[in-house]
$ cat model.cif   # mmCIF, C-alpha atoms and all ligand atoms
data_final
#
loop_
_atom_site.label_atom_id
_atom_site.label_comp_id
_atom_site.auth_asym_id
_atom_site.auth_seq_id
_atom_site.Cartn_x
_atom_site.Cartn_y
_atom_site.Cartn_z
CA MET F 1 78.80 -35.34 266.70
CA GLN F 2 80.96 -38.33 267.58
CA LEU F 3 82.56 -38.60 271.00
CA LYS F 4 86.14 -39.73 271.32
CA VAL F 5 88.15 -40.48 274.43
CA VAL F 6 91.86 -40.01 273.82
CA LYS F 7 94.66 -41.37 275.98
CA PHE F 8 98.25 -40.20 275.56
CA GLY F 9 101.13 -42.33 276.83
CA GLY F 10 104.24 -41.09 278.61
CA SER F 11 106.36 -40.67 275.49
CA SER F 12 103.60 -38.50 273.98
CA LEU F 13 103.85 -36.14 276.96
CA ALA F 14 107.54 -36.38 277.82
CA ASP F 15 108.35 -32.70 277.16
CA ALA F 16 106.90 -29.44 275.83
CA ALA F 17 107.54 -30.37 272.19
CA GLN F 18 105.46 -33.53 272.66
CA PHE F 19 102.73 -31.57 274.49
CA LYS F 20 102.45 -29.34 271.40
CA LYS F 21 101.84 -32.33 269.14
CA VAL F 22 99.19 -33.56 271.57
CA TYR F 23 97.55 -30.12 271.57
CA ASP F 24 97.34 -30.12 267.76
CA ILE F 25 95.86 -33.60 267.68
CA ILE F 26 93.17 -32.76 270.23
CA LYS F 27 92.29 -29.35 268.83
CA SER F 28 92.06 -30.67 265.26
CA ASP F 29 88.96 -32.71 266.14
CA LYS F 30 86.20 -31.31 268.35
CA SER F 31 84.93 -34.77 269.13
CA ARG F 32 88.10 -35.50 271.15
CA ARG F 33 86.40 -34.42 274.37
CA PHE F 34 87.90 -36.47 277.18
CA VAL F 35 91.66 -36.74 277.53
CA VAL F 36 93.56 -39.22 279.70
CA PRO F 37 97.27 -38.44 280.15
CA SER F 38 100.12 -40.58 281.49
CA ALA F 39 103.01 -39.10 283.48
CA PRO F 40 105.95 -37.69 281.45
CA GLY F 41 107.92 -40.60 280.00
CA LYS F 42 111.46 -40.86 278.67
CA ARG F 43 112.74 -38.03 276.46
CA SER F 44 115.61 -40.17 275.24
CA LYS F 45 116.80 -43.75 275.66
CA ASP F 46 118.77 -43.05 278.84
CA ASP F 47 116.20 -40.79 280.46
CA THR F 48 114.09 -41.80 283.50
CA LYS F 49 110.30 -41.81 283.51
CA VAL F 50 108.74 -39.49 286.09
CA THR F 51 106.82 -42.47 287.54
CA ASP F 52 110.13 -44.24 288.21
CA MET F 53 111.57 -41.07 289.75
CA LEU F 54 108.56 -40.87 292.08
CA TYR F 55 109.03 -44.48 293.19
CA ILE F 56 112.73 -43.85 293.86
CA CYS F 57 112.00 -40.64 295.73
CA TYR F 58 109.33 -42.29 297.85
CA ASP F 59 111.69 -45.12 298.79
CA MET F 60 114.26 -42.52 299.82
CA ALA F 61 111.69 -40.76 302.02
CA ALA F 62 110.52 -44.07 303.50
CA SER F 63 114.07 -44.94 304.54
CA GLY F 64 114.49 -41.56 306.17
CA ASP F 65 116.71 -39.86 303.53
CA ILE F 66 116.38 -36.18 302.73
CA ILE F 67 114.47 -35.93 299.45
CA ASP F 68 114.74 -32.19 298.64
CA GLU F 69 117.39 -32.55 295.98
CA TYR F 70 115.88 -35.58 294.21
CA PHE F 71 112.36 -34.20 294.41
CA GLY F 72 113.80 -31.03 292.88
CA PHE F 73 114.60 -33.01 289.70
CA ILE F 74 110.95 -34.02 289.43
CA GLU F 75 109.80 -30.42 289.97
CA LYS F 76 112.25 -29.34 287.27
CA ARG F 77 110.71 -31.67 284.70
CA TYR F 78 107.25 -30.19 285.22
CA ASN F 79 108.47 -26.60 285.49
CA GLU F 80 110.38 -26.94 282.22
CA ILE F 81 107.24 -28.10 280.44
CA ILE F 82 105.20 -25.24 281.93
CA ARG F 83 107.84 -22.65 281.00
CA GLU F 84 108.33 -23.89 277.46
CA LEU F 85 104.58 -24.05 276.83
CA GLY F 86 104.32 -20.47 278.12
CA ILE F 87 101.27 -21.14 280.31
CA GLU F 88 100.29 -19.27 283.49
CA LEU F 89 100.47 -22.06 286.05
CA SER F 90 102.34 -22.67 289.27
CA LEU F 91 102.53 -26.14 290.79
CA GLU F 92 104.60 -24.95 293.77
CA LYS F 93 101.79 -25.52 296.30
CA GLU F 94 101.13 -28.98 294.87
CA PHE F 95 104.85 -29.83 295.12
CA GLU F 96 104.85 -28.82 298.80
CA VAL F 97 101.81 -30.96 299.59
CA ILE F 98 103.28 -33.97 297.79
CA LYS F 99 106.70 -33.66 299.38
CA ASN F 100 105.13 -33.39 302.76
CA ALA F 101 102.97 -36.44 302.12
CA PHE F 102 106.09 -38.39 301.10
CA THR F 103 107.78 -37.69 304.39
CA HIS F 104 104.60 -38.69 306.19
CA LYS F 105 104.56 -42.02 304.34
CA ALA F 106 101.43 -41.49 302.28
CA GLY F 107 102.04 -44.75 300.41
CA LYS F 108 103.82 -45.89 297.27
CA ASP F 109 100.68 -45.77 295.15
CA TYR F 110 99.95 -42.22 296.19
CA ALA F 111 103.54 -41.29 295.29
CA ALA F 112 103.38 -42.86 291.83
CA SER F 113 99.96 -41.41 291.05
CA ARG F 114 101.26 -37.85 291.39
CA GLY F 115 103.03 -38.21 288.03
CA GLU F 116 99.71 -38.41 286.18
CA TYR F 117 98.01 -35.94 288.53
CA LEU F 118 100.54 -33.15 287.90
CA ASN F 119 100.71 -33.85 284.17
CA GLY F 120 96.91 -33.71 284.06
CA LYS F 121 96.97 -30.29 285.74
CA ILE F 122 99.35 -28.95 283.11
CA LEU F 123 97.47 -30.47 280.19
CA ALA F 124 94.08 -29.20 281.40
CA LYS F 125 95.47 -25.67 281.71
CA TYR F 126 97.19 -25.85 278.31
CA LEU F 127 94.06 -27.13 276.54
CA ASP F 128 91.71 -24.97 278.62
CA PHE F 129 89.76 -28.10 279.58
CA ASP F 130 88.19 -28.96 282.97
CA PHE F 131 90.20 -31.17 285.35
CA ILE F 132 88.56 -34.25 286.86
CA ASP F 133 90.44 -36.04 289.64
CA PRO F 134 89.93 -39.81 289.21
CA ALA F 135 90.42 -40.23 292.98
CA GLU F 136 86.79 -39.09 293.24
CA PHE F 137 85.33 -41.26 290.50
CA ILE F 138 87.41 -44.42 289.98
CA TYR F 139 86.91 -46.89 292.80
CA PHE F 140 88.67 -50.03 293.87
CA LYS F 141 87.21 -52.69 296.15
CA ASP F 142 88.82 -53.76 299.43
CA ASN F 143 90.47 -56.69 297.61
CA GLY F 144 92.23 -54.25 295.26
CA THR F 145 90.18 -55.00 292.13
CA LEU F 146 88.32 -52.30 290.24
CA ASP F 147 84.75 -51.66 291.34
CA SER F 148 83.70 -51.32 287.75
CA GLU F 149 79.94 -50.87 288.15
CA ARG F 150 80.13 -48.19 290.84
CA THR F 151 82.89 -46.43 288.90
CA ASN F 152 80.92 -46.53 285.67
CA LEU F 153 77.78 -45.15 287.27
CA LEU F 154 79.39 -42.22 289.07
CA LEU F 155 81.93 -41.37 286.39
CA ALA F 156 79.25 -41.38 283.67
CA ASP F 157 77.26 -38.95 285.76
CA GLU F 158 80.24 -36.65 286.27
CA LEU F 159 81.29 -36.67 282.60
CA LYS F 160 77.83 -35.44 281.63
CA ARG F 161 78.65 -32.22 283.48
CA HIS F 162 81.67 -31.47 281.30
CA ASP F 163 82.01 -30.70 277.61
CA TYR F 164 85.78 -31.11 277.62
CA ALA F 165 87.93 -32.52 280.41
CA VAL F 166 91.28 -34.03 281.34
CA ILE F 167 91.17 -37.10 283.62
CA PRO F 168 94.66 -38.30 284.72
CA GLY F 169 95.36 -41.98 284.15
CA PHE F 170 96.70 -44.78 286.37
CA TYR F 171 94.88 -44.29 289.68
CA GLY F 172 91.68 -44.18 291.70
CA SER F 173 90.81 -44.64 295.34
CA MET F 174 90.23 -47.41 297.85
CA PRO F 175 87.16 -47.63 300.11
CA ASN F 176 89.25 -46.03 302.90
CA ASP F 177 90.02 -43.05 300.61
CA THR F 178 93.68 -43.87 300.08
CA ILE F 179 95.04 -43.71 296.54
CA LYS F 180 95.54 -46.92 294.59
CA THR F 181 97.18 -47.32 291.19
CA PHE F 182 96.67 -49.95 288.55
CA SER F 183 99.72 -52.02 287.62
CA ARG F 184 102.39 -50.35 285.45
CA GLY F 185 101.10 -48.98 282.17
CA GLY F 186 97.66 -48.69 283.76
CA SER F 187 96.68 -45.35 282.20
CA ASP F 188 95.48 -47.50 279.30
CA ILE F 189 92.89 -48.95 281.68
CA THR F 190 91.75 -45.50 282.83
CA GLY F 191 91.26 -44.52 279.19
CA SER F 192 89.11 -47.57 278.65
CA ILE F 193 87.05 -46.90 281.80
CA VAL F 194 86.47 -43.30 280.72
CA ALA F 195 85.51 -44.40 277.19
CA ARG F 196 82.92 -46.78 278.59
CA ALA F 197 81.52 -44.21 281.04
CA ALA F 198 81.34 -41.54 278.34
CA GLY F 199 79.67 -43.93 275.88
CA ALA F 200 82.42 -43.03 273.41
CA ASP F 201 82.28 -43.98 269.74
CA VAL F 202 85.97 -44.77 269.81
CA TYR F 203 88.81 -44.95 272.34
CA GLU F 204 91.96 -43.55 270.75
CA ASN F 205 95.13 -44.73 272.45
CA TRP F 206 98.00 -42.49 271.29
CA THR F 207 101.49 -43.88 271.65
CA ASP F 208 104.80 -43.85 269.75
CA VAL F 209 104.30 -46.59 267.17
CA ASP F 210 102.22 -46.70 264.01
CA GLY F 211 100.16 -49.58 265.32
CA PHE F 212 100.29 -53.17 266.41
CA LEU F 213 102.89 -55.04 264.38
CA MET F 214 102.28 -58.47 262.86
CA ALA F 215 105.47 -59.78 264.47
CA ASP F 216 108.29 -58.73 266.78
CA PRO F 217 110.48 -56.19 264.89
CA ARG F 218 113.54 -57.47 266.77
CA ILE F 219 113.16 -60.73 264.85
CA ILE F 220 111.36 -59.73 261.65
CA ASP F 221 112.65 -56.82 259.56
CA ASN F 222 110.02 -54.16 259.15
CA PRO F 223 106.92 -56.27 259.84
CA ASP F 224 103.53 -55.14 258.50
CA ILE F 225 101.13 -53.22 260.72
CA ILE F 226 97.89 -54.93 261.66
CA ARG F 227 95.02 -52.75 260.40
CA THR F 228 92.18 -54.49 262.23
CA ILE F 229 92.35 -57.01 265.04
CA THR F 230 89.64 -58.48 267.24
CA TYR F 231 89.81 -58.37 271.03
CA ARG F 232 90.22 -62.14 271.12
CA GLU F 233 93.08 -62.15 268.65
CA LEU F 234 94.71 -59.42 270.67
CA ARG F 235 94.42 -61.53 273.82
CA GLU F 236 96.12 -64.44 272.08
CA LEU F 237 99.00 -62.27 270.87
CA SER F 238 99.38 -60.37 274.16
CA TYR F 239 99.57 -63.66 276.03
CA MET F 240 102.69 -64.39 274.00
CA GLY F 241 104.20 -61.08 274.98
CA ALA F 242 103.23 -58.83 272.07
CA THR F 243 102.10 -55.68 273.79
CA VAL F 244 101.22 -52.13 272.94
CA LEU F 245 98.33 -51.92 275.34
CA HIS F 246 97.89 -52.94 278.99
CA GLU F 247 96.30 -56.40 279.04
CA ASP F 248 93.35 -55.31 281.20
CA ALA F 249 92.57 -52.27 279.09
CA ILE F 250 90.31 -54.12 276.72
CA PHE F 251 87.74 -55.23 279.27
CA PRO F 252 85.76 -52.01 279.96
CA VAL F 253 85.45 -51.08 276.26
CA ARG F 254 84.89 -54.64 275.14
CA PHE F 255 81.96 -54.77 277.50
CA ALA F 256 80.50 -51.71 275.81
CA GLY F 257 81.47 -52.66 272.25
CA ILE F 258 83.70 -49.59 271.78
CA PRO F 259 86.61 -49.98 269.34
CA ILE F 260 90.13 -49.01 270.37
CA ASN F 261 92.30 -47.22 267.85
CA ILE F 262 96.07 -47.36 268.49
CA ARG F 263 97.59 -44.18 267.01
CA ASN F 264 101.02 -42.57 266.77
CA THR F 265 101.46 -39.08 268.27
CA ASN F 266 104.63 -38.66 266.18
CA ASN F 267 102.85 -39.65 262.95
CA PRO F 268 99.19 -38.65 263.29
CA GLU F 269 98.54 -39.25 259.59
CA ALA F 270 98.90 -43.01 260.06
CA LYS F 271 95.57 -44.77 260.60
CA GLY F 272 96.99 -47.10 263.25
CA THR F 273 95.43 -50.36 264.40
CA LEU F 274 91.74 -50.75 265.09
CA ILE F 275 90.81 -53.23 267.83
CA VAL F 276 87.21 -54.37 267.45
CA ALA F 277 84.76 -56.95 268.81
CA THR F 278 84.28 -58.77 265.52
CA SER F 279 85.45 -58.16 262.02
CA SER F 280 84.93 -59.92 258.76
CA LYS F 281 87.39 -57.62 257.02
CA ASN F 282 90.87 -58.99 256.68
CA ASP F 283 92.35 -55.79 255.27
CA GLY F 284 94.48 -57.67 252.81
CA HIS F 285 96.32 -59.62 255.49
CA GLY F 286 95.21 -63.04 254.35
CA VAL F 287 94.53 -65.65 256.98
CA ILE F 288 97.07 -64.59 259.57
CA THR F 289 96.60 -61.52 261.74
CA GLY F 290 99.76 -61.83 263.76
CA ILE F 291 102.49 -64.14 265.04
CA ALA F 292 104.04 -63.97 268.49
CA GLY F 293 106.07 -66.25 270.66
CA LYS F 294 107.90 -66.67 273.92
CA LYS F 295 110.77 -68.70 275.29
CA GLY F 296 110.99 -70.15 278.79
CA PHE F 297 108.58 -73.09 278.79
CA SER F 298 108.94 -76.69 279.96
CA THR F 299 106.97 -79.79 279.10
CA LEU F 300 106.28 -82.51 281.59
CA THR F 301 105.32 -85.66 279.72
CA ILE F 302 103.61 -88.51 281.52
CA GLU F 303 103.29 -91.96 279.94
CA LYS F 304 101.09 -94.77 281.09
CA ASP F 305 99.59 -97.66 279.17
CA MET F 306 95.81 -97.50 278.90
CA MET F 307 95.81 -93.97 280.32
CA ASN F 308 92.75 -93.12 278.27
CA ALA F 309 90.69 -95.81 280.02
CA GLU F 310 91.53 -94.55 283.51
CA ILE F 311 88.74 -92.26 284.64
CA GLY F 312 89.96 -89.20 286.53
CA PHE F 313 93.57 -89.47 285.30
CA GLY F 314 93.76 -85.91 283.96
CA ARG F 315 92.05 -84.47 287.00
CA ARG F 316 94.46 -86.19 289.39
CA VAL F 317 97.46 -84.85 287.45
CA LEU F 318 96.12 -81.32 287.36
CA GLU F 319 95.20 -81.45 291.02
CA VAL F 320 98.90 -81.87 291.82
CA PHE F 321 99.66 -78.69 289.89
CA GLU F 322 96.89 -76.90 291.71
CA GLN F 323 98.03 -78.06 295.14
CA ASN F 324 101.53 -76.77 294.39
CA GLU F 325 100.27 -73.50 292.96
CA VAL F 326 101.79 -74.07 289.53
CA CYS F 327 99.76 -72.69 286.62
CA PHE F 328 99.67 -74.79 283.49
CA GLU F 329 99.49 -73.32 279.99
CA HIS F 330 98.60 -76.13 277.57
CA LEU F 331 97.68 -79.75 277.78
CA PRO F 332 98.29 -81.72 274.58
CA SER F 333 97.46 -85.40 275.02
CA GLY F 334 97.67 -88.73 273.20
CA ILE F 335 96.23 -92.15 273.97
CA ASP F 336 98.88 -93.17 276.47
CA THR F 337 100.64 -89.83 277.01
CA LEU F 338 99.78 -86.50 278.50
CA SER F 339 102.04 -83.45 278.31
CA VAL F 340 101.64 -80.48 280.55
CA VAL F 341 103.22 -77.29 279.23
CA VAL F 342 104.20 -74.87 281.98
CA SER F 343 106.46 -71.87 282.28
CA THR F 344 109.86 -73.09 283.43
CA SER F 345 110.09 -70.58 286.27
CA GLU F 346 106.65 -71.66 287.58
CA LEU F 347 107.53 -75.34 287.47
CA HIS F 348 110.92 -74.94 289.11
CA LYS F 349 109.37 -73.18 292.10
CA ASN F 350 108.01 -76.54 293.23
CA LYS F 351 109.41 -79.09 290.81
CA ASP F 352 110.18 -81.94 293.21
CA LYS F 353 106.85 -81.65 294.93
CA VAL F 354 105.04 -81.72 291.58
CA LEU F 355 106.95 -84.79 290.35
CA ASN F 356 106.50 -86.72 293.58
CA GLY F 357 102.86 -85.71 293.74
CA ILE F 358 102.21 -87.03 290.23
CA PHE F 359 103.98 -90.31 291.02
CA LYS F 360 101.73 -90.81 294.00
CA ALA F 361 98.57 -89.67 292.24
CA VAL F 362 98.71 -91.69 289.01
CA THR F 363 101.71 -94.09 289.19
CA PRO F 364 102.87 -93.40 285.62
CA ASP F 365 105.14 -95.76 283.62
CA SER F 366 107.48 -92.85 282.98
CA MET F 367 107.73 -89.14 283.36
CA THR F 368 110.12 -86.70 281.68
CA VAL F 369 110.69 -82.99 281.99
CA GLU F 370 112.11 -81.02 279.09
CA ASP F 371 113.16 -77.41 279.58
CA GLY F 372 114.16 -74.92 276.90
CA ILE F 373 110.90 -74.95 274.98
CA ALA F 374 109.63 -71.94 273.03
CA LEU F 375 106.02 -71.48 271.95
CA ILE F 376 104.86 -69.66 268.84
CA ALA F 377 101.22 -68.65 268.37
CA ILE F 378 99.97 -68.10 264.86
CA VAL F 379 96.78 -66.10 265.26
CA GLY F 380 94.12 -65.21 262.74
CA ARG F 381 90.35 -65.03 262.57
CA GLY F 382 90.68 -65.98 258.90
CA MET F 383 91.87 -69.49 259.79
CA VAL F 384 88.37 -70.82 260.42
CA GLU F 385 87.52 -70.52 256.76
CA ALA F 386 90.87 -71.06 255.09
CA LYS F 387 91.86 -74.59 254.27
CA GLY F 388 95.48 -75.62 254.45
CA THR F 389 96.74 -73.08 257.00
CA ALA F 390 98.15 -75.75 259.29
CA SER F 391 99.90 -77.49 256.41
CA ARG F 392 101.48 -74.19 255.30
CA ILE F 393 102.73 -73.60 258.85
CA PHE F 394 104.20 -77.08 259.19
CA LYS F 395 105.73 -77.11 255.74
CA SER F 396 107.43 -73.73 256.25
CA ILE F 397 108.85 -74.98 259.54
CA SER F 398 110.07 -78.27 258.15
CA ASP F 399 111.62 -76.45 255.16
CA ALA F 400 113.54 -74.41 257.72
CA ASP F 401 114.77 -77.70 259.20
CA VAL F 402 113.04 -77.17 262.53
CA ASN F 403 111.50 -80.01 264.48
CA ILE F 404 108.07 -79.37 266.01
CA LYS F 405 107.72 -80.76 269.53
CA MET F 406 104.13 -79.89 270.25
CA ILE F 407 101.03 -78.65 268.45
CA ASP F 408 97.94 -77.16 270.02
CA GLN F 409 95.07 -75.76 268.02
CA GLY F 410 92.63 -73.80 270.13
CA SER F 411 89.08 -75.08 269.69
CA SER F 412 88.01 -71.66 268.43
CA GLU F 413 90.31 -72.15 265.42
CA LEU F 414 91.64 -68.70 266.12
CA SER F 415 95.17 -69.80 266.75
CA ILE F 416 97.63 -72.61 266.30
CA ILE F 417 100.34 -72.90 268.91
CA ILE F 418 103.50 -74.87 268.25
CA GLY F 419 106.30 -75.83 270.62
CA ILE F 420 109.92 -75.99 269.44
CA THR F 421 113.30 -75.81 271.12
CA GLU F 422 114.41 -72.33 272.12
CA ASP F 423 117.38 -72.53 269.72
CA ASP F 424 114.98 -72.81 266.79
CA PHE F 425 112.76 -69.94 267.90
CA GLU F 426 113.95 -67.12 265.62
CA VAL F 427 114.35 -69.36 262.57
CA ALA F 428 110.87 -70.82 262.94
CA LEU F 429 109.24 -67.44 263.49
CA LYS F 430 110.89 -66.03 260.37
CA ALA F 431 109.90 -69.06 258.31
CA ILE F 432 106.24 -68.76 259.28
CA TYR F 433 106.17 -65.00 258.75
CA ASN F 434 107.74 -65.28 255.29
CA GLU F 435 105.27 -67.97 254.31
CA PHE F 436 102.26 -65.78 255.10
CA CYS F 437 103.69 -62.31 254.43
CA PRO F 438 106.21 -62.67 251.63
CA LYS F 439 108.14 -59.43 250.99
CA LYS F 440 106.51 -57.51 248.18
N1 LIG F 501 102.95 -43.78 284.47
C1 LIG F 501 102.59 -45.13 284.73
C2 LIG F 501 103.71 -46.07 284.36
O1 LIG F 501 104.80 -45.62 284.00
C3 LIG F 501 101.29 -45.51 284.11
C4 LIG F 501 101.22 -45.34 282.61
O2 LIG F 501 102.06 -44.69 282.01
O3 LIG F 501 100.29 -45.89 282.02
O4 LIG F 501 103.56 -47.25 284.44
#
$ encode --input "model.cif" --output "structure tokens" --more "lines below"
Ligand code: ASP
Amino acid sequence: MQLKVVKFGGSSLADAAQFKKVYDIIKSDKSRRFVVPSAPGKRSKDDTKVTDMLYICYDMAASGDIIDEYFGFIEKRYNEIIRELGIELSLEKEFEVIKNAFTHKAGKDYAASRGEYLNGKILAKYLDFDFIDPAEFIYFKDNGTLDSERTNLLLADELKRHDYAVIPGFYGSMPNDTIKTFSRGGSDITGSIVARAAGADVYENWTDVDGFLMADPRIIDNPDIIRTITYRELRELSYMGATVLHEDAIFPVRFAGIPINIRNTNNPEAKGTLIVATSSKNDGHGVITGIAGKKGFSTLTIEKDMMNAEIGFGRRVLEVFEQNEVCFEHLPSGIDTLSVVVSTSELHKNKDKVLNGIFKAVTPDSMTVEDGIALIAIVGRGMVEAKGTASRIFKSISDADVNIKMIDQGSSELSIIIGITEDDFEVALKAIYNEFCPKK
């Protein structure tokens, strides 16, 4: 029999009605053996996630306010779920312990982690599955990064002892036994860690969309869903802000070659998006897998005659960025020019120091900074083999009367990145999308 690890996000477990859908999904397939829940998310647009409520409540406790009333709202959310599911479970003792820990300043991470912990207790009872507390099996190092090898070893051993279990997402423990959480959305990472430790055939990540979309639906009407995407393509698109999954969630499963399947709890019939190591299938998408973009970049262009003959020129420029702790994103260069593309907010942290530093380091003939740049990444594993992709991109953009300011093709031929002014962003994105995915 296959083994599946299934993670359900906050919207999938926001109330009893959502819990019932999750129950049906899990019970309809015996291979769904290990379940990773998030804390209850928003029930409607104006609702507050339990995780956010816990942060607020902890801040209140830390500044000496009485938390009984606010904590009562959190208790109410869980009690409502328990009552409506009709299960025999009381979390009253747990609530007391947590409230007490809040007033004794048990830490922000401890506070936030209780959202997943309590939801895990309810889900385990409802499914009649074992409960595994990740505080005992997911370890961080002193520097706050995941101790992945120790975690994998001990968690794999523990999972062997259980046929079916719920393991709450989002947290683990530090060497000094205090609780530590991942960054927001981190239950995705727990799911991936559990999938690796269990040696799962697939990691199903259940959320509230039918899959990863080819483009941002706020710009493109009804974009297609990506059927299959490779980890590397996903990285390229996530870098530009297209997210369904926590960025770090791919690493544990990628290491083990386990595919991730994004699925929709509210539409379980949909096949979702499959994230895999490699794929030759293009599922009818043609050469482009997805398009994503971001505003908020600046280019710093340096000109100097005979730059290309000056050994160490590039290093000296980049050293200035390093010394001023400014990350650079891209580095398109010509014979006598070099442009450094950086995020505007990064550059402006230390702009004068960077400019003066470059003047001293390489004495350029001129230097200009242009803000208001947007980048668009056109990503697709099919590009390596298809001729004419770049020309289709550029023609569609010029037909839309947009001027391209920068071009960067990654050496893997997996993506082409173009820079344009922010005002042209939406128009350019639409033009490229329509070129590759004309409406049927
Ligand atoms: N509950 C946490 C958050 O809201 C973690 C998660 O949902 O993945 O960020």
$ residues_near_ligand --input "model.cif" --ligand "ligand LIG 501 (chain F)" --cutoff "7 Å" --atoms "only C-alpha atoms and all ligand atoms" --output "ChimeraX atom specification"
/F:9-10,38-39,49,51-52,115-116,169-170,183-188
$ write_last_selection --input "model.cif" --atoms "C-alpha atoms" --output "PDB file, in the coordinates of the input"
ATOM      1  CA  GLY F   9     101.130 -42.330 276.830  1.00  0.00           C
ATOM      2  CA  GLY F  10     104.240 -41.090 278.610  1.00  0.00           C
ATOM      3  CA  SER F  38     100.120 -40.580 281.490  1.00  0.00           C
ATOM      4  CA  ALA F  39     103.010 -39.100 283.480  1.00  0.00           C
ATOM      5  CA  LYS F  49     110.300 -41.810 283.510  1.00  0.00           C
ATOM      6  CA  THR F  51     106.820 -42.470 287.540  1.00  0.00           C
ATOM      7  CA  ASP F  52     110.130 -44.240 288.210  1.00  0.00           C
ATOM      8  CA  GLY F 115     103.030 -38.210 288.030  1.00  0.00           C
ATOM      9  CA  GLU F 116      99.710 -38.410 286.180  1.00  0.00           C
ATOM     10  CA  GLY F 169      95.360 -41.980 284.150  1.00  0.00           C
ATOM     11  CA  PHE F 170      96.700 -44.780 286.370  1.00  0.00           C
ATOM     12  CA  SER F 183      99.720 -52.020 287.620  1.00  0.00           C
ATOM     13  CA  ARG F 184     102.390 -50.350 285.450  1.00  0.00           C
ATOM     14  CA  GLY F 185     101.100 -48.980 282.170  1.00  0.00           C
ATOM     15  CA  GLY F 186      97.660 -48.690 283.760  1.00  0.00           C
ATOM     16  CA  SER F 187      96.680 -45.350 282.200  1.00  0.00           C
ATOM     17  CA  ASP F 188      95.480 -47.500 279.300  1.00  0.00           C
TER      18      ASP F 188
END
$ atom_distance --input "model.cif" --atom1 "CA of Gly120 (chain F)" --atom2 "CA of Ser238 (chain F)"
28.5 Å
$ closest_residue --input "model.cif" --among "F:Tyr126, F:Phe8, F:Phe255, F:Tyr55" --to "Arg83 (chain F)" --atoms "all atoms listed in the file"
F:Tyr126
$ closest_residue --input "model.cif" --among "F:Ile167, F:Met307, F:Ala124, F:Ile179" --to "Tyr110 (chain F)" --atoms "all atoms listed in the file"
F:Ile179
$ residues_around --input "model.cif" --residues "region 128-131 of chain F" --least-positions-apart "4" --cutoff "6 Å" --atoms "only C-alpha atoms" --output "list in words"
Ala124, Tyr164, Ala165 and Val166 of chain F
$ closest_residue --input "model.cif" --among "F:Leu300, F:Ile66, F:Ala292, F:Leu123" --to "Tyr433 (chain F)" --atoms "all atoms listed in the file"
F:Ala292
$ atom_distance --input "model.cif" --atom1 "CA of Phe19 (chain F)" --atom2 "CA of Ile275 (chain F)"
25.6 Å
$ residues_around --input "model.cif" --residues "Pro134 (chain F)" --least-positions-apart "5" --cutoff "7 Å" --atoms "all atoms listed in the file" --output "list in words"
Ile167, Pro168, Tyr171 and Gly172 of chain F
$ closest_residue --input "model.cif" --among "F:Arg232, F:His330, F:Lys271, F:Lys76" --to "Glu413 (chain F)" --atoms "all atoms listed in the file"
F:Arg232
$ axis_aligned_box --input "model.cif" --around "region 370-389 of chain F" --padding-each-side "5 Å" --output "AutoDock Vina command-line options"
--center_x 100.8 --center_y -73.0 --center_z 266.9 --size_x 36.6 --size_y 26.0 --size_z 35.3
$ closest_residue --input "model.cif" --among "F:Thr273, F:Asn79, F:Asn266, F:Asn143" --to "Thr289 (chain F)" --atoms "all atoms listed in the file"
F:Thr273
$ atom_distance --input "model.cif" --atom1 "CA of Glu236 (chain F)" --atom2 "CA of Ile288 (chain F)"
12.5 Å
$ residues_near_point --input "model.cif" --point "(113.8, -72.5, 268.2)" --cutoff "9 Å" --atoms "all atoms listed in the file" --output "PyMOL selection string"
chain F and resi 295+373-375+402-403+419-429
$ residues_around --input "model.cif" --residues "Glu269 (chain F)" --least-positions-apart "3" --cutoff "12 Å" --atoms "only C-alpha atoms" --output "count of residues only"
8
$ closest_residue --input "model.cif" --among "F:Val209, F:Met306, F:Ile189, F:Val22" --to "Ala249 (chain F)" --atoms "only C-alpha atoms"
F:Ile189
$ residues_around --input "model.cif" --residues "Glu435 (chain F)" --least-positions-apart "4" --cutoff "9 Å" --atoms "only C-alpha atoms" --output "list in words"
Arg392, Ile393, Ser396, Lys430 and Ala431 of chain F
$ residues_around --input "model.cif" --residues "Ile122 (chain F)" --least-positions-apart "4" --cutoff "9 Å" --atoms "only C-alpha atoms" --output "PDB file with C-alpha atoms, keeping the file's coordinate frame"
ATOM      1  CA  TYR F  78     107.250 -30.190 285.220  1.00  0.00           C
ATOM      2  CA  ILE F  81     107.240 -28.100 280.440  1.00  0.00           C
ATOM      3  CA  ILE F  82     105.200 -25.240 281.930  1.00  0.00           C
ATOM      4  CA  ILE F  87     101.270 -21.140 280.310  1.00  0.00           C
ATOM      5  CA  LEU F  89     100.470 -22.060 286.050  1.00  0.00           C
ATOM      6  CA  LEU F  91     102.530 -26.140 290.790  1.00  0.00           C
ATOM      7  CA  TYR F 117      98.010 -35.940 288.530  1.00  0.00           C
ATOM      8  CA  LEU F 118     100.540 -33.150 287.900  1.00  0.00           C
ATOM      9  CA  TYR F 126      97.190 -25.850 278.310  1.00  0.00           C
ATOM     10  CA  LEU F 127      94.060 -27.130 276.540  1.00  0.00           C
TER      11      LEU F 127
END
